[in-house]
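Here is the structure we will look at, set down as structure tokens.
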Amino acid sequence: MENVTGMLGLMLIVFAVSVFALHPNWGDLVHQVTAPAIPDKESAATYWYFAIALFGAAMTPYEGFFFSSGAVEEHWTTKDLGTARLNVIVGFPLGGLLSIAIAACATIVLLPSQIDVTSLSQTVMPVVAAGGKLFLAFAIVGIVAATFGAALETTLSGGYILAQFLGWPWGKFRRPAEAARFHVVMIVTIVAGAAVLYTDVDPIIVTEYSVVFSAIALPLTYLPILIVANDSEYMGDHTNGRATNMFASVYLVIILVASVAAIPLMIVTGAGQ
Amino acid sequence: MMELPVIHHRGQLVDARLHLLDRQLLDDEDSPAGIVDDLVLSGVELDKDIPEGTEAPQLTSLLSGHVVATRMFGGGPPRSRLQGIPRSLVDSIHVVVKLKPTDMVFDAGWMERWLCDRVIKHIPGGRHAAE
């Protein structure tokens, strides 16, 4: 199931294709990346607030639970380390690249017309401009797969986190009747998520808040993983070496800064408004 | 730097707080049977001094049960709410605590059974084998 959504999600590559199809002024685009211009009505704080939001969106804490639990469910051993590394080394940069492509599309088409993106459907406008109906069809399939996949991921993660913390039987490899509480948690999560949608709250605002809060919570998942990675009882021959720990510590500082800065920035900028 | 004394011992040195408490309990089929929530030690009585020369207390059983609420709000559940797992049932203590094959039924709690009987079993596919 996750593979289907993952494969269909690859259709989002159409955003990257669109960037080229739109024939942008590359020099201009590069200049905007290297010397970002902050609009007059926004402050540098707003810029950094959204930077943290993007950071939180890329590194949501639940992903750690999702991927590690999936590895347990599929009975991974050290032989699967290669697959795990491939996920990280290919998968994450690919996701990042697609995010950049979506941002670039918006910059090329929407920004010059002063169009403020307020709904998901607006993000596909550049794709339509680049490749018409065919590109739009790809984008729709990709977006449905990506959002559906993300919904699966977050729902499962909710179940994994609670069940593992409390010692309940869990996992997709058990009959639902053998892991009743785990499955009930997932049902409740889906119902609660749908209930939030049915209130008149703006889904984009909900997303913004949730990614900022994931940036705030990030050290709470990153640090324990770093500690376990240094515990030879868990890791055996694969315990973190000095070089890994050095990079990991640098990263820990970045995560801490983002986490500590998130709430003050949220207050100062009125949550980016 | 001060050298820490090296204590020689037979077998595996286990730190109760580090290696036992909060560890996942797995039965012999690797299914979660609970979390180690508390320990029962022999020869220790609450609030009483231990006279010198007494034999070292021994771990008699692990306790498992619902402790989240009392952990958040203080106190502890009454002993009757925790299931005792005799030490002899412990197969190994590693990153998880594995138990030996046993006829003992691990009390997954009324909530698991109730949700299973009243909710999950009635959902189409609820009793289907997993992928």
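Identifiers in the structure tokens: chain A, B, ... in order shown; residue index from 1 per chain; ligand index from 1 in order shown.
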
Mind running chain B against chain A at 12 Å and telling me each contacting residue's nearest atom pair with the distance in Å (one decimal), counting only C-alpha atoms, chain and number ascending, as a tab-separated table?
```
residue	atom	partner	partner_atom	distance
B:Leu18	CA	A:Glu233	CA	11.7
B:His19	CA	A:Glu233	CA	10.3
B:Asp22	CA	A:Phe165	CA	8.7
B:Arg23	CA	A:Gly167	CA	8.8
B:Gln24	CA	A:Gly167	CA	6.2
B:Leu25	CA	A:Gly167	CA	7.5
B:Leu26	CA	A:Gly167	CA	9.1
B:Asp27	CA	A:Pro169	CA	10.9
B:Glu29	CA	A:Pro169	CA	11.9
B:Asp30	CA	A:Pro169	CA	10.0
B:Ser31	CA	A:Pro169	CA	6.6
B:Pro32	CA	A:Pro169	CA	5.2
B:Ala33	CA	A:Gly167	CA	6.8
B:Gly34	CA	A:Gly167	CA	4.4
B:Ile35	CA	A:Gly167	CA	5.1
B:Val36	CA	A:Gly167	CA	8.9
B:Asp37	CA	A:Leu166	CA	10.1
B:Ser64	CA	A:Gly167	CA	9.5
B:Gly65	CA	A:Leu166	CA	9.3
B:His66	CA	A:Leu166	CA	8.2
B:Val67	CA	A:Leu166	CA	8.9
B:Val68	CA	A:Leu166	CA	7.9
B:Ala69	CA	A:Leu166	CA	11.3
B:Ile93	CA	A:Glu233	CA	11.0
B:His94	CA	A:Glu233	CA	7.6
B:Val95	CA	A:Tyr234	CA	6.3
B:Val96	CA	A:Tyr234	CA	9.8
B:Val97	CA	A:Gly167	CA	11.8
B:Phe106	CA	A:Trp168	CA	11.3
B:Asp107	CA	A:Trp168	CA	11.0
B:Ala108	CA	A:Trp168	CA	7.6
B:Gly109	CA	A:Trp168	CA	9.8
B:Trp110	CA	A:Arg181	CA	10.7
B:Met111	CA	A:Arg181	CA	7.5
B:Glu112	CA	A:Arg181	CA	5.7
B:Arg113	CA	A:Ala180	CA	7.6
B:Trp114	CA	A:Ala180	CA	8.7
B:Leu115	CA	A:Ala180	CA	5.9
B:Cys116	CA	A:Ala180	CA	5.0
B:Asp117	CA	A:Ala177	CA	8.1
B:Arg118	CA	A:Ala180	CA	9.9
B:Val119	CA	A:Val184	CA	8.1
B:Ile120	CA	A:Ala177	CA	5.8
B:Lys121	CA	A:Ala177	CA	6.0
B:His122	CA	A:Ala177	CA	9.5
B:Ile123	CA	A:Pro176	CA	9.3
B:Pro124	CA	A:Pro176	CA	10.3
B:Gly125	CA	A:Pro176	CA	7.9
B:Gly126	CA	A:Pro176	CA	5.1
B:Arg127	CA	A:Ala177	CA	5.4
B:His128	CA	A:Arg175	CA	5.8
B:Ala129	CA	A:Arg175	CA	5.0
B:Ala130	CA	A:Phe173	CA	5.0
B:Glu131	CA	A:Phe173	CA	6.0
```

Residues within 7 Å of B:Asp38, only C-alpha atoms, excluding chain neighbours under 5 positions, as a PyMOL selection string: chain B and resi 21+62-64

Surrounding residues of A:Phe148 excluding itself and chain neighbours under 6 positions, 12 Å, only C-alpha atoms, as a ChimeraX atom specification: /A:1-6,8-9,140-142,154-155,190

DSSP helix (DSSP H, G or I) residues within stretch 35-249 of chain A, listed as an MDAnalysis selection string: chainID A and resid 44:58 62:73 78:110 120:123 125:166 176:178 180:198 203:229 232:238 242:249

Which residue of A:Leu136, A:Thr221, A:Pro39, A:Thr46 approaches A:Ile161 most closely, using only C-alpha atoms: A:Thr221

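For the pair atom CA of A:Gly149 and atom CA of A:Met7, the interatomic distance is 10.3 Å.
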
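Checking A:Ile108, A:Ala130, A:Ala217, A:Val206 one by one against A:Asp28, counting only C-alpha atoms, you find the shortest gap at A:Ile108.
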
Atomic distance atom CA of A:Ser18 - atom CA of A:Phe138, expressed in Å with one decimal: 11.3 Å

Shell of 12 Å around stretch 86-96 of chain A, only C-alpha atoms, local chain residues under 6 positions omitted, as a PyMOL selection string: chain A and resi 6-7+9-13+15-16+54-55+57-59+63-64+67+71+80+102-103+146

Write to file, as an mmCIF file, in the first residue's frame, the residues of the selection just made, with N, CA, C and O atoms.
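Contents of out.cif, freshly written:
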```cif
data_model
loop_
_atom_site.group_PDB
_atom_site.id
_atom_site.type_symbol
_atom_site.label_atom_id
_atom_site.label_comp_id
_atom_site.auth_asym_id
_atom_site.auth_seq_id
_atom_site.Cartn_x
_atom_site.Cartn_y
_atom_site.Cartn_z
ATOM 1 N N GLY A 6 3.652 5.728 -2.736
ATOM 2 C CA GLY A 6 4.989 6.267 -2.992
ATOM 3 C C GLY A 6 5.271 6.389 -4.487
ATOM 4 O O GLY A 6 5.752 7.413 -4.963
ATOM 5 N N MET A 7 4.917 5.328 -5.224
ATOM 6 C CA MET A 7 5.165 5.332 -6.669
ATOM 7 C C MET A 7 4.331 6.406 -7.362
ATOM 8 O O MET A 7 4.825 7.168 -8.193
ATOM 9 N N GLY A 9 3.140 8.975 -5.980
ATOM 10 C CA GLY A 9 3.616 10.283 -5.514
ATOM 11 C C GLY A 9 4.753 10.807 -6.371
ATOM 12 O O GLY A 9 4.961 12.019 -6.484
ATOM 13 N N LEU A 10 5.465 9.872 -7.009
ATOM 14 C CA LEU A 10 6.575 10.277 -7.887
ATOM 15 C C LEU A 10 6.088 11.143 -9.054
ATOM 16 O O LEU A 10 6.866 11.852 -9.678
ATOM 17 N N MET A 11 4.779 11.063 -9.317
ATOM 18 C CA MET A 11 4.228 11.881 -10.408
ATOM 19 C C MET A 11 4.419 13.372 -10.130
ATOM 20 O O MET A 11 4.301 14.193 -11.035
ATOM 21 N N LEU A 12 4.697 13.694 -8.880
ATOM 22 C CA LEU A 12 4.938 15.106 -8.543
ATOM 23 C C LEU A 12 6.182 15.632 -9.258
ATOM 24 O O LEU A 12 6.427 16.835 -9.274
ATOM 25 N N ILE A 13 6.949 14.721 -9.848
ATOM 26 C CA ILE A 13 8.114 15.142 -10.640
ATOM 27 C C ILE A 13 7.671 16.114 -11.731
ATOM 28 O O ILE A 13 8.470 16.922 -12.215
ATOM 29 N N PHE A 15 6.245 18.710 -11.381
ATOM 30 C CA PHE A 15 6.581 20.077 -10.947
ATOM 31 C C PHE A 15 8.001 20.441 -11.387
ATOM 32 O O PHE A 15 8.254 21.565 -11.826
ATOM 33 N N ALA A 16 8.898 19.459 -11.256
ATOM 34 C CA ALA A 16 10.278 19.711 -11.672
ATOM 35 C C ALA A 16 10.348 19.909 -13.180
ATOM 36 O O ALA A 16 11.065 20.789 -13.678
ATOM 37 N N LEU A 54 9.333 25.183 7.244
ATOM 38 C CA LEU A 54 9.797 24.285 6.178
ATOM 39 C C LEU A 54 10.699 23.198 6.742
ATOM 40 O O LEU A 54 10.607 22.022 6.366
ATOM 41 N N PHE A 55 11.579 23.590 7.651
ATOM 42 C CA PHE A 55 12.500 22.669 8.312
ATOM 43 C C PHE A 55 11.702 21.596 9.058
ATOM 44 O O PHE A 55 11.976 20.398 8.938
ATOM 45 N N ALA A 57 8.686 20.708 8.456
ATOM 46 C CA ALA A 57 7.925 19.879 7.518
ATOM 47 C C ALA A 57 8.811 18.799 6.910
ATOM 48 O O ALA A 57 8.362 17.691 6.641
ATOM 49 N N ALA A 58 10.096 19.133 6.724
ATOM 50 C CA ALA A 58 11.005 18.170 6.115
ATOM 51 C C ALA A 58 11.428 17.092 7.108
ATOM 52 O O ALA A 58 11.794 15.987 6.712
ATOM 53 N N MET A 59 11.396 17.424 8.387
ATOM 54 C CA MET A 59 11.972 16.530 9.402
ATOM 55 C C MET A 59 10.950 16.133 10.458
ATOM 56 O O MET A 59 11.296 16.022 11.611
ATOM 57 N N GLU A 63 8.158 10.741 11.399
ATOM 58 C CA GLU A 63 8.789 9.922 10.360
ATOM 59 C C GLU A 63 9.722 8.891 10.971
ATOM 60 O O GLU A 63 9.830 7.771 10.478
ATOM 61 N N GLY A 64 10.416 9.296 12.030
ATOM 62 C CA GLY A 64 11.327 8.371 12.706
ATOM 63 C C GLY A 64 10.578 7.146 13.194
ATOM 64 O O GLY A 64 11.026 6.005 13.009
ATOM 65 N N PHE A 67 9.273 5.016 10.030
ATOM 66 C CA PHE A 67 10.258 4.193 9.326
ATOM 67 C C PHE A 67 10.810 3.083 10.217
ATOM 68 O O PHE A 67 11.002 1.951 9.756
ATOM 69 N N ALA A 71 10.317 -0.980 9.689
ATOM 70 C CA ALA A 71 11.445 -1.910 9.643
ATOM 71 C C ALA A 71 11.190 -3.109 10.548
ATOM 72 O O ALA A 71 11.511 -4.254 10.184
ATOM 73 N N ASP A 80 19.409 -5.216 5.775
ATOM 74 C CA ASP A 80 18.584 -4.213 5.112
ATOM 75 C C ASP A 80 19.115 -2.797 5.305
ATOM 76 O O ASP A 80 18.453 -1.837 4.926
ATOM 77 N N ILE A 102 8.415 22.848 -6.511
ATOM 78 C CA ILE A 102 7.095 23.459 -6.287
ATOM 79 C C ILE A 102 7.268 24.946 -5.954
ATOM 80 O O ILE A 102 6.552 25.811 -6.477
ATOM 81 N N ALA A 103 8.263 25.220 -5.091
ATOM 82 C CA ALA A 103 8.518 26.626 -4.734
ATOM 83 C C ALA A 103 8.962 27.419 -5.960
ATOM 84 O O ALA A 103 8.526 28.563 -6.160
ATOM 85 N N ALA A 146 0.341 11.727 -2.613
ATOM 86 C CA ALA A 146 1.205 12.264 -1.553
ATOM 87 C C ALA A 146 0.402 12.567 -0.295
ATOM 88 O O ALA A 146 0.821 12.227 0.815
#
```

Atomic separation - atom CA of B:Asp47 relative to atom CA of B:Ile85, Å: 24.3 Å

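Using only C-alpha atoms, the nearest neighbour of A:Val14 within the list A:Ala101, A:Ala243, A:Leu197, A:Ala248 is A:Ala101.
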
Minimum-distance residue to B:Thr102, chosen among B:Arg79, B:Ala56, B:Phe73, B:Asp28 (using only C-alpha atoms): B:Asp28

All strand (DSSP E) positions in chain B, as a ChimeraX atom specification: /B:24-26,32-35,38-41,59-65,82-86,90-93,97-99

Requested write-out: N, CA, C and O atoms of the selected residues, as a tab-separated table (two decimals), in the first residue's frame:
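Saved to again-v1.tsv:
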```tsv
chain	number	residue	atom	x	y	z
B	24	GLN	N	10.51	-3.11	27.15
B	24	GLN	CA	9.45	-3.86	26.50
B	24	GLN	C	9.55	-5.33	26.89
B	24	GLN	O	10.63	-5.91	26.86
B	25	LEU	N	8.41	-5.92	27.26
B	25	LEU	CA	8.36	-7.36	27.54
B	25	LEU	C	7.84	-8.07	26.30
B	25	LEU	O	6.78	-7.72	25.79
B	26	LEU	N	8.60	-9.04	25.82
B	26	LEU	CA	8.14	-9.83	24.68
B	26	LEU	C	7.95	-11.27	25.12
B	26	LEU	O	8.77	-11.80	25.86
B	32	PRO	N	4.46	-8.36	21.95
B	32	PRO	CA	4.55	-7.53	23.15
B	32	PRO	C	3.63	-8.07	24.25
B	32	PRO	O	2.47	-8.39	23.99
B	33	ALA	N	4.17	-8.21	25.44
B	33	ALA	CA	3.37	-8.69	26.57
B	33	ALA	C	3.21	-7.58	27.60
B	33	ALA	O	2.59	-7.79	28.63
B	34	GLY	N	3.78	-6.42	27.34
B	34	GLY	CA	3.66	-5.31	28.29
B	34	GLY	C	4.97	-4.59	28.44
B	34	GLY	O	5.90	-4.76	27.65
B	35	ILE	N	5.02	-3.76	29.49
B	35	ILE	CA	6.22	-2.98	29.80
B	35	ILE	C	6.58	-3.30	31.24
B	35	ILE	O	5.69	-3.53	32.05
B	38	ASP	N	7.40	-2.16	37.30
B	38	ASP	CA	7.92	-2.14	38.67
B	38	ASP	C	8.58	-3.50	38.95
B	38	ASP	O	8.44	-4.43	38.16
B	39	LEU	N	9.30	-3.58	40.05
B	39	LEU	CA	9.99	-4.82	40.40
B	39	LEU	C	9.60	-5.22	41.82
B	39	LEU	O	9.30	-4.36	42.65
B	40	VAL	N	9.60	-6.52	42.07
B	40	VAL	CA	9.38	-6.99	43.43
B	40	VAL	C	10.70	-7.55	43.94
B	40	VAL	O	11.30	-8.42	43.31
B	41	LEU	N	11.17	-7.02	45.07
B	41	LEU	CA	12.42	-7.50	45.65
B	41	LEU	C	12.09	-8.22	46.95
B	41	LEU	O	11.22	-7.80	47.71
B	59	LEU	N	15.62	-10.20	43.25
B	59	LEU	CA	14.48	-9.87	42.39
B	59	LEU	C	13.60	-11.10	42.29
B	59	LEU	O	14.06	-12.16	41.87
B	60	THR	N	12.35	-10.99	42.73
B	60	THR	CA	11.48	-12.16	42.63
B	60	THR	C	10.57	-12.09	41.42
B	60	THR	O	10.30	-13.09	40.78
B	61	SER	N	10.07	-10.89	41.09
B	61	SER	CA	9.25	-10.81	39.88
B	61	SER	C	9.23	-9.41	39.29
B	61	SER	O	9.57	-8.44	39.96
B	62	LEU	N	8.82	-9.36	38.02
B	62	LEU	CA	8.62	-8.09	37.33
B	62	LEU	C	7.13	-7.79	37.40
B	62	LEU	O	6.31	-8.69	37.39
B	63	LEU	N	6.79	-6.52	37.48
B	63	LEU	CA	5.39	-6.15	37.50
B	63	LEU	C	5.06	-5.35	36.24
B	63	LEU	O	5.84	-4.54	35.77
B	64	SER	N	3.86	-5.62	35.72
B	64	SER	CA	3.44	-4.91	34.52
B	64	SER	C	1.96	-4.57	34.66
B	64	SER	O	1.19	-5.34	35.20
B	65	GLY	N	1.59	-3.42	34.17
B	65	GLY	CA	0.18	-3.02	34.27
B	65	GLY	C	-0.03	-1.63	33.69
B	65	GLY	O	0.77	-1.14	32.91
B	82	LEU	N	-1.37	-4.66	39.17
B	82	LEU	CA	-0.19	-4.99	38.39
B	82	LEU	C	-0.03	-6.50	38.33
B	82	LEU	O	-0.27	-7.20	39.32
B	83	GLN	N	0.34	-6.98	37.14
B	83	GLN	CA	0.53	-8.41	37.01
B	83	GLN	C	1.98	-8.78	37.30
B	83	GLN	O	2.90	-8.16	36.75
B	84	GLY	N	2.16	-9.76	38.17
B	84	GLY	CA	3.51	-10.20	38.50
B	84	GLY	C	3.99	-11.26	37.52
B	84	GLY	O	3.25	-12.17	37.17
B	85	ILE	N	5.22	-11.10	37.06
B	85	ILE	CA	5.80	-12.11	36.18
B	85	ILE	C	7.03	-12.66	36.90
B	85	ILE	O	8.01	-11.93	37.09
B	86	PRO	N	6.97	-13.92	37.36
B	86	PRO	CA	8.07	-14.44	38.16
B	86	PRO	C	9.41	-14.39	37.41
B	86	PRO	O	9.44	-14.51	36.19
B	90	VAL	N	11.77	-15.17	33.02
B	90	VAL	CA	12.56	-14.28	32.17
B	90	VAL	C	13.61	-15.09	31.43
B	90	VAL	O	14.38	-15.82	32.03
B	91	ASP	N	13.56	-14.98	30.12
B	91	ASP	CA	14.51	-15.73	29.30
B	91	ASP	C	15.80	-14.95	29.13
B	91	ASP	O	16.89	-15.48	29.31
B	92	SER	N	15.69	-13.68	28.74
B	92	SER	CA	16.90	-12.88	28.56
B	92	SER	C	16.57	-11.41	28.76
B	92	SER	O	15.44	-10.97	28.55
B	93	ILE	N	17.58	-10.68	29.20
B	93	ILE	CA	17.44	-9.24	29.36
B	93	ILE	C	18.42	-8.58	28.43
B	93	ILE	O	19.63	-8.67	28.60
B	97	VAL	N	13.08	-7.33	27.16
B	97	VAL	CA	13.08	-8.42	28.11
B	97	VAL	C	12.25	-9.55	27.50
B	97	VAL	O	11.06	-9.40	27.26
B	98	LYS	N	12.93	-10.67	27.21
B	98	LYS	CA	12.22	-11.79	26.58
B	98	LYS	C	11.79	-12.80	27.62
B	98	LYS	O	12.52	-13.07	28.58
B	99	LEU	N	10.61	-13.35	27.43
B	99	LEU	CA	10.08	-14.32	28.37
B	99	LEU	C	10.13	-15.72	27.77
B	99	LEU	O	10.12	-15.89	26.56
```
